[in-house]
Each structure stands twice: as structure tokens, then as C-alpha cells.
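Beneath this line is the structure, given in C-alpha cells, with notes to follow.
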Amino acid sequence: MNRTPTLDDFMLAGIALASGLLAAFLLRILLRWLGKHADRTRWSGDDVMVDALRSVLPWSAVIGSAAVAGAVLPLTHTVQHQVNQTLQVLIILAVTVSAARVIAGLVRAVTNSRSGVAGSATIFVNITRILVLAIGFLVMLQTLGISIAPMLTALGVGGLAVALALQDTLANLFAGIHILASKTVQPGDYIKLSSGEEGYVEDINWRQTTVRALSNNLVVIPNGQLAKTNMTNFMRPEQELTILVQVGVGYDSDLEHVEEVTMEVIAEVMTDITGAIPEHEPAIRFHTFGDSRIGFTVILGVGEFSDQFRIKHEFIKRLHKRYRAEGIRIPAPTRTVALQQGSLPPGAVGIPQQRIPEDEPGEVPSTRLD
């Protein structure tokens with residue numbers, strides 16, 4: 001159109017813009033109401049969708065009203081084409097960002113809610129978000145009239161050079177995907193590597209795995225190194241595990257009484273201490289006639305790896321106190337030194353012969369001279 005805009009044209013354009021703003025305001029109120037109802041549901045996917053729609057729907061209403069206003073005004077063909085193209089780019093941008101948010105949020109919700117699925121959503125969420133944004137960018141270029149075929153060809157050729165330059169980065173990326181897909185390690189698992197690092201897995205992203213040690217320090221391990229090293233996962237196939245506590249009593253002890261007292265202490269610990277498994281059936285197994293004691297193993301059940309330290313602590317304290325009250329002796333290892341007497345050559349020094357029994361960790365050996 002080449003005619004001059006009139007007051008009616010501007011009024012119609014203003015009405016269109018005002019209608020779009022009013023629609024955007026009403027949509028925000030509606031979506032806020034939907035968001036409150038979505039918070040009450042157990043599924044987190046509806047929260048993600050409502051949150052994404054809060055940005056795309058109001059903007060779509062505003063952009064649509066601007067398109068109507070542009071159509072009402074008597075603009076030239078060139079200006080009308082530029083306005084339409086700009087509005088199309090804006091709506092594609094809004095839809096792309098919202099779609100990336102929705103899809104990434106759904107991927108995170110699914111991976112975090114389903115057992116047996118990779119619990120670390122970071123690497124999958126980032127890959128999904130990049131793919132959606134890349135598709136939206138290509139659609140945007142196509143809308144602007146820019147051919148994407150030469151660009152895709154150039155990317156295919158240049159991708160080989162980039163892959164050669166980023167071998168370590170790509171190796172860590174695919175190693176992280178392999179770790180999550182194989183379900184050998186999940187965030188929250190307690191792992192120990194053959195190199196000595198151990199702790200709870202915090203996250204597995206596109207390049208590295210973050211492990212939080214018991215000292216609350218973060219250990220960063222490249223995914224490629226994690227995939228190649230020997231590793232013990234204390235949470236797989238089950239989170240619950242059994243621990244062994246070594247105990248020894250004197251030869252003069254009544255083993256039936258020792259077993260009875262020990263089982264009573266175990267029952268108290270399993271009931272009172274957080275992290276213990278009361279329904280786990282404990283066991284006591286005598287196994288060794290030592291040099292100074294009869295050794296046996298106490299088998300306890302704990303909820304997870306870190307619970308064992310607290311349970312061992314309380315069990316040893318209570319068992320020691322109960323043994324003292326019951327008169328059950330826990331002997332310290334003894335050492336017998338035999339001195340040989342006899343004729344020795346002039347200047348020679350007598351060499352003592354020693355019989356050294358096994359020392360138990362954490363106890364001070366006593367010495368007796370015969």
C-alpha cells in the first residue's frame with residue numbers, strides 16, 4: 001500500500017497492540033494459577049511445562065498483536081516484509097527457548113524420578129538443550145532466507161578437524177554417556193577407585209565426574225579416567241551392606257555366655273543407632289584359636305556405606321562396657337622372650353630368641369620375661 005496512514009489505521013493498530021498486551025496479562029494470571037495446581041501433583045513434568053509456557057504464551061500474544069497491527073497499517077511491501085520477518089524470528093526464538101526448557105526439564109524429571117535410569121541428568125539435559133537450540137537456530141536462518149545447506153556441508157568438513165583437535169574432550173564426553181547408559185555409576189553412589197579416591201558421586205557432566213569425599217572436599221575425575229580404572233561401587237547392586245567387626249576373648253571365657261552377651265549388645269545397637277538395619281539378622285562366627293585369645297567375627301547390617309563408622313563406634317563402646325560388667329576378659333597380646341645360657345666364644349654376645357604372637361591392631365602388647 002502506498003496511501004498515507006489515517007487516524008483510524010493508528011487506532012486499529014493501537015487496539016490490536018492493547019489487545020495483545022491484555023491477552024498476555026490474562027495468560028500470565030492463568031498460568032500462575034495453573035502453576036499452583038501443578039505444584040500439588042507428584043509429577044514434576046507439569047511444573048516444567050507450565051514454567052515454559054509462562055514465557056512463550058505472553059510473548060506470542062504480544063508478537064501476534066504486533067503482526068496484526070502491522071497488517072492494519074498501510075505499509076509498503078518492503079517494510080511489511082521486514083516487519084513480518086522480524087516478528088517470525090522473534091516468535092521462533094521464543095518457541096525455541098521454551099521448547100528447549102520444556103524438553104530439558106522433562107528429561108531431567110524422567111531421569112531423576114525413574115529408578116534404573118541414569119540419575120545424572122546434567123549431561124543429557126545439556127545435550128538435549130543444545131540440539132533444540134541448534135534446530136531453532138537453523139530454522140531461524142532459513143526464515144531469514146539464508147541457505148543452511150552450505151553451512152551444514154562446511155560443518156561436516158570442519159567437524160573432522162574439530163574432532164581431531166578435541167580428542168580428549170570428546171573421549172570424556174562419550175565416556176560419560178557410556179557410564180550413565182551402562183548404569184554402573186549414578187549420582188549418590190559411594191565409589192572407591194583403585195587409585196585411592198573415594199566418596200559420593202555428586203554429578204556426571206559432559207567432561208568430568210565430581211565426587212564428594214567424606215572430608216567434604218570435591219574430587220574431580222575426568223570421565224575417560226573413570227571409565228578405564230578399576231572401581232568399587234558400594235551402592236550396587238544394593239545400597240544395604242554388611243560389615244565385619246573382629247573381636248577376641250580369653251581362653252577362660254564361656255563362649256556360650258560371650259555369644260549371648262554379644263547378641264544382646266547387637267540388638268541394642270541395631271535398634272538405637274540411626275543407619276542400622278534392625279531386620280537384618282546378625283551373626284557371630286568363632287574362627288581362630290589365637291596365641292592369646294579366641295577370635296570371632298560379628299556381622300552387622302547397615303543402610304549405606306557411611307553408616308558403618310557410626311555403628312562400629314557405638315558397637316565397640318557398648319560391647320567393651322558390657323564385657324567389663326560381665327567379667328569377660330579381652331586379653332592383650334603377650335610376648336615371650338627366652339634367654340639362652342651357655343658357653344659362648346670370647347667376645348660373643350648372647351642372642352635372645354623370641355616368640356612373637358600376632359598383635360591385634362590398636363592394642364599395646366605386653367612383655368613377660370621367662
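Each chain in the C-alpha cells gets a letter, A, B, ..., in the order shown, and its residues are numbered from 1; ligands are numbered from 1 in order too.
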
* Which of stretch 45-254 of chain A DSSP labels alpha helix (DSSP H), written as a VMD selection string -> chain A and resid 45 to 72 77 to 113 122 to 143 149 to 165 167 to 182 223 to 228

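Neighbouring residues of A:Glu238 at 12 Å or closer, counting only C-alpha atoms and skipping chain neighbours under 4 positions away, are Asp189, Tyr190, Asn233, Phe234, Thr242, Val302, Gly303, Glu304 and Phe305 of chain A.
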
* **Residue neighbourhood A:Asn217, 12 Å, only C-alpha atoms, exclusion window fewer than 5 positions, as a list in words** =>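 Returned residues: Glu197, Glu198, Gly199, Tyr200, Val201, Glu202, Thr210, Val211 and Arg212 of chain A.
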
Include C-alpha atoms and write out the residues we just selected as a PDB file, in the first residue's frame.
```pdb
ATOM      1  CA  GLU A 197      39.954 -41.707  45.577  1.00  0.00           C
ATOM      2  CA  GLU A 198      36.610 -42.428  47.177  1.00  0.00           C
ATOM      3  CA  GLY A 199      33.396 -40.610  48.039  1.00  0.00           C
ATOM      4  CA  TYR A 200      29.840 -39.896  46.952  1.00  0.00           C
ATOM      5  CA  VAL A 201      29.224 -39.138  43.267  1.00  0.00           C
ATOM      6  CA  GLU A 202      27.757 -35.634  43.064  1.00  0.00           C
ATOM      7  CA  THR A 210      32.512 -34.823  40.671  1.00  0.00           C
ATOM      8  CA  VAL A 211      32.977 -36.925  43.809  1.00  0.00           C
ATOM      9  CA  ARG A 212      32.464 -35.589  47.337  1.00  0.00           C
TER      10      ARG A 212
END
```

* Asked: Which polymer residues have any atom within 12 Å of an atom of A:Asn126, counting only C-alpha atoms, with same-chain residues fewer than 5 positions away left out, as a list of chain:residue names?
  ->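 Residues meeting the cut-off are A:Ala100, A:Arg101, A:Ile103, A:Ala104, A:Gly105, A:Val107, A:Arg108, A:Ser120, A:Ala121, A:Leu131, A:Val132, A:Leu133, A:Leu173, A:Ile177, A:Ile204, A:Asn205, A:Trp206, A:Arg207.
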
So that I have them on file, write out the residues from the current selection with N, CA and C atoms, as a PDB file, in the first residue's frame.
```pdb
ATOM      1  N   ALA A 100      13.252 -25.762  24.322  1.00  0.00           N
ATOM      2  CA  ALA A 100      14.468 -26.282  24.945  1.00  0.00           C
ATOM      3  C   ALA A 100      14.289 -26.421  26.446  1.00  0.00           C
ATOM      4  N   ARG A 101      13.609 -25.463  27.060  1.00  0.00           N
ATOM      5  CA  ARG A 101      13.381 -25.533  28.503  1.00  0.00           C
ATOM      6  C   ARG A 101      12.451 -26.684  28.852  1.00  0.00           C
ATOM      7  N   ILE A 103      11.735 -29.504  27.041  1.00  0.00           N
ATOM      8  CA  ILE A 103      12.313 -30.825  26.771  1.00  0.00           C
ATOM      9  C   ILE A 103      13.428 -31.146  27.762  1.00  0.00           C
ATOM     10  N   ALA A 104      14.281 -30.152  28.054  1.00  0.00           N
ATOM     11  CA  ALA A 104      15.352 -30.389  29.025  1.00  0.00           C
ATOM     12  C   ALA A 104      14.779 -30.666  30.408  1.00  0.00           C
ATOM     13  N   GLY A 105      13.722 -29.949  30.782  1.00  0.00           N
ATOM     14  CA  GLY A 105      13.103 -30.194  32.077  1.00  0.00           C
ATOM     15  C   GLY A 105      12.462 -31.564  32.162  1.00  0.00           C
ATOM     16  N   VAL A 107      13.386 -34.222  30.436  1.00  0.00           N
ATOM     17  CA  VAL A 107      14.477 -35.201  30.515  1.00  0.00           C
ATOM     18  C   VAL A 107      15.009 -35.287  31.935  1.00  0.00           C
ATOM     19  N   ARG A 108      15.173 -34.137  32.582  1.00  0.00           N
ATOM     20  CA  ARG A 108      15.654 -34.144  33.964  1.00  0.00           C
ATOM     21  C   ARG A 108      14.652 -34.828  34.894  1.00  0.00           C
ATOM     22  N   SER A 120      22.040 -39.019  36.720  1.00  0.00           N
ATOM     23  CA  SER A 120      22.638 -37.729  36.438  1.00  0.00           C
ATOM     24  C   SER A 120      22.013 -37.166  35.188  1.00  0.00           C
ATOM     25  N   ALA A 121      21.237 -36.098  35.359  1.00  0.00           N
ATOM     26  CA  ALA A 121      20.552 -35.518  34.220  1.00  0.00           C
ATOM     27  C   ALA A 121      21.390 -34.456  33.526  1.00  0.00           C
ATOM     28  N   LEU A 131      20.824 -29.434  21.239  1.00  0.00           N
ATOM     29  CA  LEU A 131      20.196 -29.900  19.992  1.00  0.00           C
ATOM     30  C   LEU A 131      18.967 -29.065  19.634  1.00  0.00           C
ATOM     31  N   VAL A 132      18.108 -28.772  20.620  1.00  0.00           N
ATOM     32  CA  VAL A 132      16.904 -27.988  20.345  1.00  0.00           C
ATOM     33  C   VAL A 132      17.268 -26.567  19.921  1.00  0.00           C
ATOM     34  N   LEU A 133      18.219 -25.958  20.615  1.00  0.00           N
ATOM     35  CA  LEU A 133      18.637 -24.598  20.240  1.00  0.00           C
ATOM     36  C   LEU A 133      19.278 -24.571  18.856  1.00  0.00           C
ATOM     37  N   LEU A 173      33.448 -36.949  26.905  1.00  0.00           N
ATOM     38  CA  LEU A 173      32.007 -36.845  26.648  1.00  0.00           C
ATOM     39  C   LEU A 173      31.384 -38.217  26.438  1.00  0.00           C
ATOM     40  N   ILE A 177      28.732 -40.536  28.729  1.00  0.00           N
ATOM     41  CA  ILE A 177      27.490 -41.127  28.219  1.00  0.00           C
ATOM     42  C   ILE A 177      27.497 -42.639  28.435  1.00  0.00           C
ATOM     43  N   ILE A 204      27.694 -36.160  37.117  1.00  0.00           N
ATOM     44  CA  ILE A 204      28.455 -36.617  35.958  1.00  0.00           C
ATOM     45  C   ILE A 204      28.050 -35.723  34.800  1.00  0.00           C
ATOM     46  N   ASN A 205      28.932 -34.820  34.386  1.00  0.00           N
ATOM     47  CA  ASN A 205      28.599 -33.920  33.292  1.00  0.00           C
ATOM     48  C   ASN A 205      29.335 -34.337  32.027  1.00  0.00           C
ATOM     49  N   TRP A 206      29.392 -33.438  31.063  1.00  0.00           N
ATOM     50  CA  TRP A 206      29.924 -33.804  29.744  1.00  0.00           C
ATOM     51  C   TRP A 206      31.423 -34.039  29.754  1.00  0.00           C
ATOM     52  N   ARG A 207      32.134 -33.597  30.775  1.00  0.00           N
ATOM     53  CA  ARG A 207      33.592 -33.740  30.779  1.00  0.00           C
ATOM     54  C   ARG A 207      34.123 -34.509  31.984  1.00  0.00           C
TER      55      ARG A 207
END
```

Write out as a PDB file with all heavy atoms, in the first residue's frame the residues lying within 12 Å of A:Glu279, counting only C-alpha atoms and excluding same-chain residues fewer than 6 positions away.
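Saved result, part_39.pdb, follows:
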```
ATOM      1  N   GLU A 240      22.143 -51.406  50.807  1.00  0.00           N
ATOM      2  CA  GLU A 240      22.429 -52.010  52.099  1.00  0.00           C
ATOM      3  C   GLU A 240      23.623 -52.951  51.985  1.00  0.00           C
ATOM      4  O   GLU A 240      23.793 -53.634  50.973  1.00  0.00           O
ATOM      5  CB  GLU A 240      21.206 -52.776  52.601  1.00  0.00           C
ATOM      6  CG  GLU A 240      19.980 -51.899  52.798  1.00  0.00           C
ATOM      7  CD  GLU A 240      18.775 -52.697  53.234  1.00  0.00           C
ATOM      8  OE1 GLU A 240      18.893 -53.950  53.300  1.00  0.00           O
ATOM      9  OE2 GLU A 240      17.729 -52.092  53.512  1.00  0.00           O
ATOM     10  N   ILE A 266      24.328 -56.321  70.214  1.00  0.00           N
ATOM     11  CA  ILE A 266      23.979 -56.104  68.800  1.00  0.00           C
ATOM     12  C   ILE A 266      22.533 -55.649  68.673  1.00  0.00           C
ATOM     13  O   ILE A 266      22.208 -54.717  67.923  1.00  0.00           O
ATOM     14  CB  ILE A 266      24.224 -57.386  67.992  1.00  0.00           C
ATOM     15  CG1 ILE A 266      25.721 -57.708  67.919  1.00  0.00           C
ATOM     16  CG2 ILE A 266      23.660 -57.234  66.573  1.00  0.00           C
ATOM     17  CD1 ILE A 266      26.026 -59.030  67.254  1.00  0.00           C
ATOM     18  N   ALA A 267      21.629 -56.294  69.411  1.00  0.00           N
ATOM     19  CA  ALA A 267      20.217 -55.923  69.345  1.00  0.00           C
ATOM     20  C   ALA A 267      20.009 -54.478  69.795  1.00  0.00           C
ATOM     21  O   ALA A 267      19.216 -53.739  69.197  1.00  0.00           O
ATOM     22  CB  ALA A 267      19.397 -56.880  70.210  1.00  0.00           C
ATOM     23  N   MET A 270      21.418 -52.157  66.944  1.00  0.00           N
ATOM     24  CA  MET A 270      20.584 -52.176  65.749  1.00  0.00           C
ATOM     25  C   MET A 270      19.276 -51.418  65.944  1.00  0.00           C
ATOM     26  O   MET A 270      18.692 -50.901  64.993  1.00  0.00           O
ATOM     27  CB  MET A 270      20.270 -53.622  65.344  1.00  0.00           C
ATOM     28  CG  MET A 270      21.453 -54.429  64.861  1.00  0.00           C
ATOM     29  SD  MET A 270      22.125 -53.859  63.272  1.00  0.00           S
ATOM     30  CE  MET A 270      23.587 -52.977  63.841  1.00  0.00           C
ATOM     31  N   THR A 271      18.815 -51.338  67.187  1.00  0.00           N
ATOM     32  CA  THR A 271      17.557 -50.643  67.472  1.00  0.00           C
ATOM     33  C   THR A 271      17.766 -49.152  67.712  1.00  0.00           C
ATOM     34  O   THR A 271      16.943 -48.332  67.286  1.00  0.00           O
ATOM     35  CB  THR A 271      16.876 -51.269  68.704  1.00  0.00           C
ATOM     36  OG1 THR A 271      16.703 -52.674  68.490  1.00  0.00           O
ATOM     37  CG2 THR A 271      15.514 -50.637  68.945  1.00  0.00           C
ATOM     38  N   LEU A 300      27.258 -57.354  60.950  1.00  0.00           N
ATOM     39  CA  LEU A 300      26.172 -56.406  61.157  1.00  0.00           C
ATOM     40  C   LEU A 300      25.659 -55.893  59.817  1.00  0.00           C
ATOM     41  O   LEU A 300      26.391 -55.897  58.820  1.00  0.00           O
ATOM     42  CB  LEU A 300      26.648 -55.214  62.013  1.00  0.00           C
ATOM     43  CG  LEU A 300      27.298 -55.554  63.361  1.00  0.00           C
ATOM     44  CD1 LEU A 300      27.827 -54.290  64.009  1.00  0.00           C
ATOM     45  CD2 LEU A 300      26.310 -56.246  64.269  1.00  0.00           C
ATOM     46  N   GLY A 301      24.435 -55.420  59.785  1.00  0.00           N
ATOM     47  CA  GLY A 301      23.842 -54.840  58.585  1.00  0.00           C
ATOM     48  C   GLY A 301      23.678 -53.338  58.739  1.00  0.00           C
ATOM     49  O   GLY A 301      23.201 -52.853  59.771  1.00  0.00           O
ATOM     50  N   VAL A 302      24.084 -52.575  57.704  1.00  0.00           N
ATOM     51  CA  VAL A 302      23.976 -51.104  57.725  1.00  0.00           C
ATOM     52  C   VAL A 302      23.238 -50.650  56.477  1.00  0.00           C
ATOM     53  O   VAL A 302      23.184 -51.348  55.461  1.00  0.00           O
ATOM     54  CB  VAL A 302      25.362 -50.444  57.807  1.00  0.00           C
ATOM     55  CG1 VAL A 302      26.080 -50.834  59.081  1.00  0.00           C
ATOM     56  CG2 VAL A 302      26.220 -50.798  56.600  1.00  0.00           C
ATOM     57  N   GLY A 303      22.660 -49.443  56.581  1.00  0.00           N
ATOM     58  CA  GLY A 303      21.857 -48.934  55.480  1.00  0.00           C
ATOM     59  C   GLY A 303      22.670 -48.496  54.294  1.00  0.00           C
ATOM     60  O   GLY A 303      22.283 -48.709  53.151  1.00  0.00           O
TER      61      GLY A 303
END
```

Excluding A:Ile284 and its own-chain neighbours fewer than 2 positions away, which residues fall within 7 Å of it when counting only C-alpha atoms? Please give them as a compact mmCIF listing (two decimals) with C-alpha atoms, in the first residue's frame.
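Generated output (result_21.txt):
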```txt
# COMPACT_ATOMS: atom_id res chain seq x y z
CA PHE A 286 34.14 -68.04 66.05
CA PHE A 296 35.39 -64.30 66.28
CA THR A 297 33.65 -62.08 63.73
CA VAL A 298 30.49 -60.06 64.29
CA ILE A 299 28.43 -59.48 61.13
```
